[in-house]
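What follows is a single structure, written as structure tokens, with notes after it.
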Amino acid sequence: MKAVLRLIACLVVAGVALELFFVVRIATMAVLDPQSTAFQRSEAFQIAIHQGSGAGWRQEWVPYAQINDTLKRAVIASEDAGFVDHNGVEWEAIERARQRNARAEELAAKRAARAVARGKPVQPVRLRGGSTITQQLAKNLLLSGERTLLRKGQELVLATLLEVLLDKRRILEIYLNNVEWGEGVFGAEAASQYYFRKPASRLGTNEAARLAVMLPSPKFFERRIGSPYLSGRASTVMARMPAAELP
């Protein structure tokens, strides 16, 4: 029994120590730009394995003021319309995403049964998230990419910490400088140079909207930059941009 209690105590101490580490790490980001994120390090490892250590890696940090407001509005309009108002988590959006995913899984199960009966391959189900920009940043900065309830719970805690310790402008600045925009392409400046051969400060409205639309699946759209779907979604985002409020 004592051994079990000691194990539990060790786990509790380790958990508290981890949370304190996260608090200190996030607090330092108020004044220090993060050199890399957990997601970027994971991607760098995968790129090195499959393409070699000399494979391309694009990222250049630029201050908030040097990122065109057009891109900021496009990303907010596309990813998180309530960014300036929420406290890091939008519970209603999470519940809507849960309901959509439940319906998608139900339909996918029916399609899979028909596919198996016909001897055809089973298509994977595509699930949608209800994450805010703050949640996405929390996940990319400090967490692994695994999909578990424990990781999701930690993501919600970290999103709350980000909102408490940093202001909205700093959260958006860190997000835009680190988010993935293609294979080894991270941040607004690298994406702007890679896709449009210009700095992020000079992006046009359509260009900004196209980049924003890419964010849920950047590697997929990197190979389909001229697709009709991307163009159509970009038009929708452009229509929403005037209502997008900046921090």
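In the structure tokens, chains take the letters A, B, ... in the order shown, each chain's residues start at 1, and ligands count up from 1 in the order shown.
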With a distance cut-off of 7 Å and only C-alpha atoms, select the neighbouring residues of Asn68 (chain A), excluding the residue or stretch itself and same-chain residues fewer than 5 positions from it, and output the selection as a ChimeraX atom specification. /A:200-203
Could those selected residues go to a file with N, CA, C and O atoms, as a compact mmCIF listing (two decimals), in the first residue's frame?
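Result file part.txt:
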# COMPACT_ATOMS: atom_id res chain seq x y z
N ALA A 200 5.50 39.47 -46.04
CA ALA A 200 4.16 39.41 -45.45
C ALA A 200 3.54 40.80 -45.29
O ALA A 200 2.32 40.93 -45.20
N SER A 201 4.36 41.83 -45.26
CA SER A 201 3.85 43.20 -45.12
C SER A 201 3.16 43.69 -46.39
O SER A 201 2.44 44.70 -46.35
N ARG A 202 3.35 42.98 -47.52
CA ARG A 202 2.81 43.45 -48.80
C ARG A 202 1.76 42.52 -49.39
O ARG A 202 1.40 42.64 -50.56
N LEU A 203 1.25 41.60 -48.60
CA LEU A 203 0.24 40.68 -49.11
C LEU A 203 -1.05 41.41 -49.49
O LEU A 203 -1.53 42.27 -48.76
Identify, on the basis of only C-alpha atoms, every residue whose closest approach to Ala81 (chain A) does not exceed 12 Å; exclude the query and any residue fewer than 2 positions from it along the same chain; express the result as a VMD selection string. chain A and resid 72 to 79 83 to 86 90 93 130 to 133 237 240 to 247
How far is it from CA of Glu173 (chain A) to CA of Met29 (chain A), in Å with one decimal?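 So the two atoms, CA of Glu173 (chain A) and CA of Met29 (chain A), lie 10.8 Å apart.
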Please list as a compact mmCIF listing (two decimals) with C-alpha atoms, in the first residue's frame every residue within 10 Å of Glu189 (chain A), counting only C-alpha atoms and excluding residues in the same chain fewer than 4 positions away.
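What landed in part13.txt:
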# COMPACT_ATOMS: atom_id res chain seq x y z
CA ARG A 58 11.68 28.08 -44.20
CA GLN A 59 10.93 30.37 -41.27
CA GLU A 60 11.67 34.00 -40.50
CA TRP A 61 10.26 35.77 -37.47
CA VAL A 62 8.80 39.20 -38.19
CA GLN A 66 5.37 43.87 -40.24
CA ILE A 67 2.58 41.38 -40.94
CA LEU A 176 1.35 33.80 -37.21
CA ASN A 177 5.11 33.38 -36.91
CA ASN A 178 4.98 29.66 -36.14
CA VAL A 185 7.20 26.26 -44.30
CA GLN A 193 7.83 34.50 -49.77
CA TYR A 194 7.29 30.85 -50.72
CA ARG A 197 7.56 35.98 -53.65
CA LYS A 198 6.88 39.00 -51.47
CA PRO A 199 7.13 39.93 -47.77
CA ALA A 200 4.16 39.41 -45.45
CA SER A 201 3.85 43.20 -45.12
CA LEU A 203 0.24 40.68 -49.11
12 Å contact set for Ala38 (chain A), only C-alpha atoms, chain neighbours under 6 positions out, as a list in words: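 Listing them by chain and then by number gives Ala44, Phe45, Leu137, Ala138, Lys139, Asn140, Leu141, Leu142, Leu143, Ser144, Gly145, Asn178 and Val179 of chain A.
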If you keep N, CA and C atoms, can you produce a file of those selected residues as a compact mmCIF listing (two decimals), in the first residue's frame?
# COMPACT_ATOMS: atom_id res chain seq x y z
N ALA A 44 10.61 18.75 -38.09
CA ALA A 44 12.01 18.77 -38.50
C ALA A 44 12.61 17.37 -38.45
N PHE A 45 12.25 16.62 -37.42
CA PHE A 45 12.74 15.24 -37.28
C PHE A 45 12.24 14.38 -38.44
N LEU A 137 -2.42 27.34 -30.93
CA LEU A 137 -1.08 27.75 -30.52
C LEU A 137 -0.60 26.92 -29.34
N ALA A 138 -1.46 26.69 -28.37
CA ALA A 138 -1.10 25.88 -27.20
C ALA A 138 -0.65 24.49 -27.63
N LYS A 139 -1.39 23.88 -28.53
CA LYS A 139 -1.06 22.53 -29.00
C LYS A 139 0.27 22.53 -29.74
N ASN A 140 0.45 23.46 -30.66
CA ASN A 140 1.67 23.47 -31.47
C ASN A 140 2.92 23.84 -30.65
N LEU A 141 2.76 24.74 -29.69
CA LEU A 141 3.90 25.19 -28.91
C LEU A 141 4.48 24.11 -28.01
N LEU A 142 3.60 23.40 -27.31
CA LEU A 142 4.07 22.62 -26.17
C LEU A 142 3.64 21.16 -26.13
N LEU A 143 2.78 20.74 -27.03
CA LEU A 143 2.21 19.40 -26.91
C LEU A 143 2.53 18.52 -28.11
N SER A 144 2.32 17.22 -27.93
CA SER A 144 2.50 16.26 -29.02
C SER A 144 1.27 16.29 -29.92
N GLY A 145 1.35 15.61 -31.05
CA GLY A 145 0.24 15.59 -31.99
C GLY A 145 -0.75 14.48 -31.76
N ASN A 178 4.61 31.06 -36.33
CA ASN A 178 4.98 29.66 -36.14
C ASN A 178 4.05 28.65 -36.80
N VAL A 179 2.89 29.09 -37.24
CA VAL A 179 1.94 28.13 -37.81
C VAL A 179 2.48 27.55 -39.12
Can you list every residue in region 176-234 of chain A that DSSP puts in strand (DSSP E), as a PyMOL selection string? chain A and resi 180-182+185-186
Would you compute the distance between CA of Leu215 (chain A) and CA of Gly182 (chain A)? Give it in Å to one decimal.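 Computing it gives 8.9 Å between the two atoms.
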For Leu161 (chain A), which residue out of A:Met1, A:Met238, A:Ile47, A:Ala27 is the nearest one, using only C-alpha atoms?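 For Leu161 (chain A), the nearest of the given residues is A:Ala27.
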Give me, as a ChimeraX atom specification, all polymer residues having an atom no more than 12 Å from Val23 (chain A), counting only C-alpha atoms and skipping those fewer than 2 positions away in the same chain. /A:16-21,25-30,138,142,157-166
Could you pull the residues within 10 Å of region 222-227 of chain A, counting only C-alpha atoms, minus those fewer than 5 positions along the same chain, as a CSV table (one decimal) with all heavy atoms, in the first residue's frame?
chain,number,residue,atom,x,y,z
A,181,TRP,N,2.6,26.3,-42.9
A,181,TRP,CA,1.9,26.7,-44.2
A,181,TRP,C,2.4,25.8,-45.3
A,181,TRP,O,2.3,26.2,-46.5
A,181,TRP,CB,2.2,28.1,-44.5
A,181,TRP,CG,0.9,29.0,-44.3
A,181,TRP,CD1,-0.3,28.8,-44.9
A,181,TRP,CD2,0.8,30.1,-43.4
A,181,TRP,NE1,-1.1,29.8,-44.5
A,181,TRP,CE2,-0.6,30.6,-43.6
A,181,TRP,CE3,1.6,30.7,-42.5
A,181,TRP,CZ2,-1.1,31.7,-42.9
A,181,TRP,CZ3,1.1,31.8,-41.8
A,181,TRP,CH2,-0.2,32.3,-42.0
A,182,GLY,N,2.9,24.6,-45.0
A,182,GLY,CA,3.4,23.7,-46.1
A,182,GLY,C,4.5,22.9,-45.5
A,182,GLY,O,4.9,23.0,-44.3
A,183,GLU,N,5.1,22.0,-46.3
A,183,GLU,CA,6.2,21.1,-45.9
A,183,GLU,C,7.4,21.9,-45.6
A,183,GLU,O,8.1,22.5,-46.4
A,183,GLU,CB,6.5,20.1,-47.0
A,183,GLU,CG,7.6,19.1,-46.7
A,183,GLU,CD,7.0,18.0,-45.8
A,183,GLU,OE1,5.8,17.7,-45.8
A,183,GLU,OE2,7.8,17.4,-45.0
A,185,VAL,N,7.5,24.8,-44.2
A,185,VAL,CA,7.2,26.3,-44.3
A,185,VAL,C,6.4,26.7,-43.1
A,185,VAL,O,5.3,26.3,-42.8
A,185,VAL,CB,6.4,26.6,-45.6
A,185,VAL,CG1,6.1,28.1,-45.7
A,185,VAL,CG2,7.1,26.0,-46.8
A,195,TYR,N,5.0,31.3,-51.5
A,195,TYR,CA,3.9,31.2,-52.4
A,195,TYR,C,3.8,32.4,-53.3
A,195,TYR,O,3.3,32.3,-54.5
A,195,TYR,CB,2.6,31.0,-51.6
A,195,TYR,CG,2.5,29.7,-50.9
A,195,TYR,CD1,2.6,29.6,-49.6
A,195,TYR,CD2,2.4,28.5,-51.7
A,195,TYR,CE1,2.5,28.4,-48.9
A,195,TYR,CE2,2.3,27.3,-51.0
A,195,TYR,CZ,2.4,27.2,-49.7
A,195,TYR,OH,2.3,26.0,-49.0
A,210,ARG,N,-6.2,33.3,-49.4
A,210,ARG,CA,-5.8,32.0,-49.8
A,210,ARG,C,-4.9,31.4,-48.8
A,210,ARG,O,-5.0,30.2,-48.5
A,210,ARG,CB,-5.1,32.1,-51.2
A,210,ARG,CG,-6.0,32.6,-52.3
A,210,ARG,CD,-5.2,32.7,-53.6
A,210,ARG,NE,-5.0,31.4,-54.2
A,210,ARG,CZ,-5.9,30.9,-55.1
A,210,ARG,NH1,-7.0,31.4,-55.3
A,210,ARG,NH2,-5.6,29.7,-55.6
A,211,LEU,N,-4.0,32.1,-48.2
A,211,LEU,CA,-3.1,31.6,-47.2
A,211,LEU,C,-3.9,31.1,-46.0
A,211,LEU,O,-3.7,30.1,-45.4
A,211,LEU,CB,-2.1,32.6,-46.7
A,211,LEU,CG,-0.9,32.9,-47.7
A,211,LEU,CD1,0.0,33.9,-47.1
A,211,LEU,CD2,-0.1,31.6,-48.0
A,214,MET,N,-5.7,27.8,-46.4
A,214,MET,CA,-4.7,26.7,-46.3
A,214,MET,C,-4.5,26.1,-44.9
A,214,MET,O,-4.2,24.9,-44.8
A,214,MET,CB,-3.4,27.1,-46.9
A,214,MET,CG,-3.4,27.4,-48.4
A,214,MET,SD,-1.7,27.9,-49.0
A,214,MET,CE,-0.8,26.4,-48.8
A,217,SER,N,-5.3,22.5,-43.5
A,217,SER,CA,-4.6,21.3,-44.2
A,217,SER,C,-3.5,21.9,-45.1
A,217,SER,O,-3.6,21.8,-46.4
A,217,SER,CB,-5.6,20.5,-45.0
A,217,SER,OG,-6.6,20.0,-44.2
A,232,GLY,N,-12.7,29.3,-54.2
A,232,GLY,CA,-14.0,29.6,-53.7
A,232,GLY,C,-14.0,29.9,-52.2
A,232,GLY,O,-14.7,30.8,-51.7
With distances taken over only C-alpha atoms, which residue among A:Ala65, A:Arg169, A:Thr236, A:Trp57 lies nearest Ala190 (chain A)?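 Residue with the minimum atom-to-atom distance to Ala190 (chain A): A:Trp57.
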